[in-house]
Amino acid sequence: MDFKGRDILSLFEFTRRDIEKVFKVADKLEPVVKKRTRITILKDKVLGTLFFQPSTRTRLSFESAMLRLGGAVTGFADAKVSRAGDKFQESIADTARVIENYVDAVAIRHFQDGIAAEFAEHATIPVINGGDGQNEHPTQGLLDLITIKKELGRINGIDIIMIGDMIEERAIHSLLYGLAKFDDVKVHLVSPNNQRLPQAYKKNLNELNLKYDEGNSIYGLVENADVIYSDGIKTSKEGAITPDQYIVDAKKLVKAKRDMIVMHPLPRLDELSEDVDSTPHARYFKETMYGVIARMAVLTLVFGREEKL
Amino acid sequence: MDFKGRDILSLFEFTRRDIEKVFKVADKLEPVVKKRTRITILKDKVLGTLFFQPSTRTRLSFESAMLRLGGAVTGFADAKVSRAGDKFQESIADTARVIENYVDAVAIRHFQDGIAAEFAEHATIPVINGGDGQNEHPTQGLLDLITIKKELGRINGIDIIMIGDMIEERAIHSLLYGLAKFDDVKVHLVSPNNQRLPQAYKKNLNELNLKYDEGNSIYGLVENADVIYSDGIKTSKEGAITPDQYIVDAKKLVKAKRDMIVMHPLPRLDELSEDVDSTPHARYFKETMYGVIARMAVLTLVFGREEKL
Amino acid sequence: MDFKGRDILSLFEFTRRDIEKVFKVADKLEPVVKKRTRITILKDKVLGTLFFQPSTRTRLSFESAMLRLGGAVTGFADAKVSRAGDKFQESIADTARVIENYVDAVAIRHFQDGIAAEFAEHATIPVINGGDGQNEHPTQGLLDLITIKKELGRINGIDIIMIGDMIEERAIHSLLYGLAKFDDVKVHLVSPNNQRLPQAYKKNLNELNLKYDEGNSIYGLVENADVIYSDGIKTSKEGAITPDQYIVDAKKLVKAKRDMIVMHPLPRLDELSEDVDSTPHARYFKETMYGVIARMAVLTLVFGREEKL
């Protein structure tokens, strides 16, 4: 598939080949980030970062990616600073038809499912979903795949524990769709019963032949895991302490495989103990570096500039 | 008149020659926008976008314009993120004397009439009014004039219906001052009685010899119109439905002239029906593209760089 | 000391030599600002402006400085637009470990003392304190020193009146540490009794051998002063009028030395009368120009690029 001009809305629609193309371009871009420099392959382009839902991490990661490629950025960090947040607001279709005249691609985050797709339907420019409601977060999925590939050396055949609210966590949805394109991946979904993966995602994963089981605890799973993907669960009261069976801490990792890696989309609260930071397993901060690289790769591809690298 | 170093505060003070100079520069810049590229004629300059009143459209349009010219941008999107929004705030004069040391020109939007002019009085850099209270929005006026000129082929002699709140709608005030510089323009101002054009503007339009009439409905006007400029009126209750006589919809356009164009400063609510979008009359989204071109032209001119094109 | 890669957290740790190095680089950069142009020595770098506490002046000054050096900027203007402002928020350590993967240096402002230092402890990139709580504001201190040096011609031996809330005003703390590195500076700290300089700062100033006295009024001090550094004091009720003995106005300056300069970190309220603006003593607006130059110098130095000038 040709990436040029394409919308990046969901990892469901990515083939293995697509993902590997992103890996390849990301590999070429990695030195730019590691050397802390900027290149000029997108110097003639403007990215719009449209954050209807605030996010420092994702917005700065996209903006950094565009700036490191030599491009320019405009946008908003909060719908409240935009009339788009008004009570009597214009349709997303109208917003799309206007914004496409200002910028050459957009990264859009919205608190509602499906808004990125709706925007893309009405815009002629590439639209990158930066997280839509409880649905997907495809560039997070890609950066998670890159992290696994680079830090573990492989994706095929891995055993991965994913802990979190399977209903609300869009990063998990996207990563699952990504993992499903590789061979023999074994997934353990760990969450409270009331935060299980919704049926629609299960149906898609079955269609893609991804094997997964569901459980209420990481006990007994850690020893065989290649990856632990930690994320927060919803506790009964806000600010309540996460129950131990969902917490990743150094003590639980004692019997882990030597090269097992711990990931987290961040920010973390008590579900991922700070004592993991100094273990050789921690990769969650490095993950954010791969985030910039992944987004640089996606931007390079949707502008059709990968040949220039 | 020489544009270099000039403040762009009101279209009242623009001569026909000034407007045509903007048209000429805009024509040269149009390919930059259409080819979605960036040039470098303002690469040594920094624009400040000072939005004391939020606006996605206008701010992103100005920023896109500056970035496409190779310039840099800094600023704020909301006075609340600035001490300037404090209860005990500094004077606009002080803000101007400070900001002029940070940037080389400003685009300023404020919820109060006359603030752009007050800022300009105390700043030595060019100040572009991006909308001040209920007063004026000169770059919107210019982009509207460019839209008419490019899409209709002429401004002289046109018949234009303008619907909206004539008290509050600064875009209409600026467009009226612009139209007044052309020959034989016939304006129909359509609004509820309590939203008629204020006396001060009428006095100025009379002085400029612009012919206009006022009415409460677009019925009977559409057939002869070359342009319908749709905008919202204030309804008795917030969110109430706009009365039919102010609504532009496809049905009302059936007897319109073939090349009649419908414009709107956006965002639109129910005063402009979505069924107009697919008619050959709709120009309101294209208008936003002319917005970037118009602002590029203004920036190029106030920096005195038009010879470099 | 080598500035490359260094954090700029406090002027306490600056030697006289360090400050003079900043002066030297600032001198070379001054023409860039005065000619309103941009150079390219940081064209390969990205600055993050992390403003957990809003500030138009300081943020725009930093962004302007980076843009004039050819660098790129991303960041946030308000913690509320960032998850970092959430009630259950991540640690500053985590934020630092993430952000360092997005940008090559940060300018950080926070409402809490010591946050810049905490951020710096966990980040491998240069961290510039843009004001932390009631503690310090080192780039303001540097720009104040540059202003004195350039406008008065010397720092050694000056007599300076500093008026303000000595507890809360971080700009005064930094300037005091800076002045302490010069010879025979005589400082008069003027504030209400309940807004005296805290013991910790006094201890440090004694250690640095800075001579100061404390008083409740500027009466009798003006005649001998080389610099009046005006700043607001806390009045009993918000919005109350500042008592006359803390107010700087033209009348009080009649007997001042001819070349005495009046400075203010801005914004000013009633503590600095507008009638001073037209006296030959006013330097507070020019101070903001030196602010951009000072920050350009600091950025140039922490990136180790001063040889390229």
# chains A, B, ... in the order shown; residues from 1 in each chain; ligands from 1

$ closest_atom_pairs --of "chain A" --to "chain B" --cutoff "12 Å" --atoms "only C-alpha atoms" --output "tab-separated table"
residue	atom	partner	partner_atom	distance
A:Leu42	CA	B:Thr37	CA	9.7
A:Lys43	CA	B:Arg38	CA	7.6
A:Asp44	CA	B:Arg38	CA	4.8
A:Lys45	CA	B:Thr37	CA	6.0
A:Val46	CA	B:Ser64	CA	7.5
A:Leu47	CA	B:Ser64	CA	9.5
A:Gly48	CA	B:Leu60	CA	8.6
A:Thr49	CA	B:Leu60	CA	10.5
A:Leu50	CA	B:Thr56	CA	9.7
A:Phe51	CA	B:Thr56	CA	11.5
A:Phe52	CA	B:Thr56	CA	11.4
A:Gly70	CA	B:Arg38	CA	11.6
A:Gly71	CA	B:Leu67	CA	9.5
A:Ala72	CA	B:Leu67	CA	6.7
A:Val73	CA	B:Leu67	CA	8.3
A:Thr74	CA	B:Leu60	CA	6.5
A:Gly75	CA	B:Leu60	CA	6.6
A:Phe76	CA	B:Thr56	CA	7.5
A:Ala77	CA	B:Ala77	CA	9.2
A:Asp78	CA	B:Ala77	CA	9.6
A:Ala79	CA	B:Thr56	CA	9.0
A:Lys80	CA	B:Pro54	CA	8.3
A:Val81	CA	B:Pro54	CA	5.3
A:Ser82	CA	B:Thr56	CA	4.9
A:Arg83	CA	B:Ser55	CA	5.8
A:Ala84	CA	B:Thr56	CA	7.4
A:Gly85	CA	B:Thr56	CA	9.9
A:Asp86	CA	B:Pro267	CA	10.6
A:Lys87	CA	B:Gly239	CA	9.1
A:Phe88	CA	B:Gly239	CA	7.0
A:Gln89	CA	B:Leu269	CA	7.6
A:Glu90	CA	B:Pro267	CA	5.8
A:Ser91	CA	B:Leu269	CA	8.7
A:Ile92	CA	B:Pro267	CA	10.9
A:Ala93	CA	B:Glu274	CA	10.4
A:Asp94	CA	B:Pro267	CA	7.8
A:Thr95	CA	B:Pro267	CA	8.2
A:Ala96	CA	B:Phe285	CA	9.8
A:Arg97	CA	B:Phe285	CA	6.2
A:Val98	CA	B:Phe285	CA	5.9
A:Ile99	CA	B:Arg57	CA	7.7
A:Glu100	CA	B:Met289	CA	8.6
A:Asn101	CA	B:Met289	CA	5.0
A:Tyr102	CA	B:Ser64	CA	5.6
A:Val103	CA	B:Ser64	CA	6.8
A:Asp104	CA	B:Arg36	CA	6.6
A:Ala105	CA	B:Arg36	CA	10.3
A:His122	CA	B:Phe285	CA	11.6
A:Ala123	CA	B:Phe285	CA	11.3
A:Ile125	CA	B:Arg36	CA	10.3
A:Phe303	CA	B:Arg36	CA	11.3

$ write_last_selection --atoms "C-alpha atoms" --output "CSV table (one decimal), in the first residue's frame"
chain,number,residue,atom,x,y,z
A,42,LEU,CA,9.6,18.5,5.2
A,43,LYS,CA,10.8,22.0,5.2
A,44,ASP,CA,8.0,23.0,2.8
A,45,LYS,CA,5.2,21.6,4.9
A,46,VAL,CA,3.0,22.7,7.8
A,47,LEU,CA,1.5,20.3,10.3
A,48,GLY,CA,-1.6,21.2,12.3
A,49,THR,CA,-1.9,19.7,15.8
A,50,LEU,CA,-5.5,19.8,16.7
A,51,PHE,CA,-5.9,18.8,20.3
A,52,PHE,CA,-9.5,18.9,21.3
A,70,GLY,CA,12.3,20.6,9.2
A,71,GLY,CA,8.5,21.2,9.0
A,72,ALA,CA,6.5,23.9,10.6
A,73,VAL,CA,3.7,23.5,13.1
A,74,THR,CA,0.6,25.4,14.1
A,75,GLY,CA,-2.5,24.3,16.0
A,76,PHE,CA,-4.2,24.3,19.4
A,77,ALA,CA,-3.6,22.6,22.7
A,78,ASP,CA,-7.0,22.8,24.1
A,79,ALA,CA,-10.5,23.0,22.5
A,80,LYS,CA,-11.4,25.7,25.0
A,81,VAL,CA,-9.1,28.1,23.3
A,82,SER,CA,-10.9,27.5,20.1
A,83,ARG,CA,-14.5,28.3,19.0
A,84,ALA,CA,-14.6,24.6,18.2
A,85,GLY,CA,-15.2,24.1,21.9
A,86,ASP,CA,-18.2,26.4,21.9
A,87,LYS,CA,-21.5,25.0,23.1
A,88,PHE,CA,-23.1,25.7,19.8
A,89,GLN,CA,-20.2,24.6,17.7
A,90,GLU,CA,-19.6,23.9,14.0
A,91,SER,CA,-19.6,20.4,12.7
A,92,ILE,CA,-16.4,18.4,12.4
A,93,ALA,CA,-17.0,18.3,8.7
A,94,ASP,CA,-16.9,22.1,8.5
A,95,THR,CA,-13.8,22.3,10.7
A,96,ALA,CA,-12.0,19.8,8.4
A,97,ARG,CA,-13.0,21.8,5.3
A,98,VAL,CA,-11.5,24.9,6.8
A,99,ILE,CA,-8.4,23.5,8.5
A,100,GLU,CA,-7.3,21.8,5.3
A,101,ASN,CA,-6.8,25.2,3.8
A,102,TYR,CA,-4.4,26.2,6.6
A,103,VAL,CA,-2.1,23.1,6.9
A,104,ASP,CA,-0.8,20.2,4.9
A,105,ALA,CA,-1.6,17.4,7.4
A,122,HIS,CA,-14.1,15.7,4.8
A,123,ALA,CA,-10.5,16.7,4.4
A,125,ILE,CA,-5.1,16.2,3.5
A,303,PHE,CA,4.0,13.1,2.7

$ residues_around --residues "range 139-149 of chain A" --least-positions-apart "6" --cutoff "7 Å" --atoms "only C-alpha atoms" --output "NGL selection string"
:A and (23 or 130 or 155 or 171 or 174-175 or 178 or 287 or 290-291 or 294-295)

$ residues_around --residues "range 196-205 of chain C" --least-positions-apart "2" --cutoff "8 Å" --atoms "only C-alpha atoms" --output "list of chain:residue names"
C:Asp165, C:Met166, C:Ile167, C:His173, C:Leu176, C:Tyr177, C:Ala180, C:Ser191, C:Pro192, C:Asn193, C:Asn194, C:Glu207, C:Leu208, C:Asn209, C:Leu210, C:Lys211, C:Glu214

$ select_by_dssp --residues "range 146-308 of chain A" --states "helix (DSSP H, G or I)" --output "ChimeraX atom specification"
/A:146-152,170-179,193-195,199-207,222-224,244-246,251-253,274-276,284-302,306-308

$ closest_residue --among "A:Leu272, A:Lys24, A:Leu179, A:Ile160" --to "Asn224 in chain A" --atoms "only C-alpha atoms"
A:Ile160

$ atom_distance --atom1 "CA of Pro265 in chain A" --atom2 "CA of Asp159 in chain A"
18.4 Å
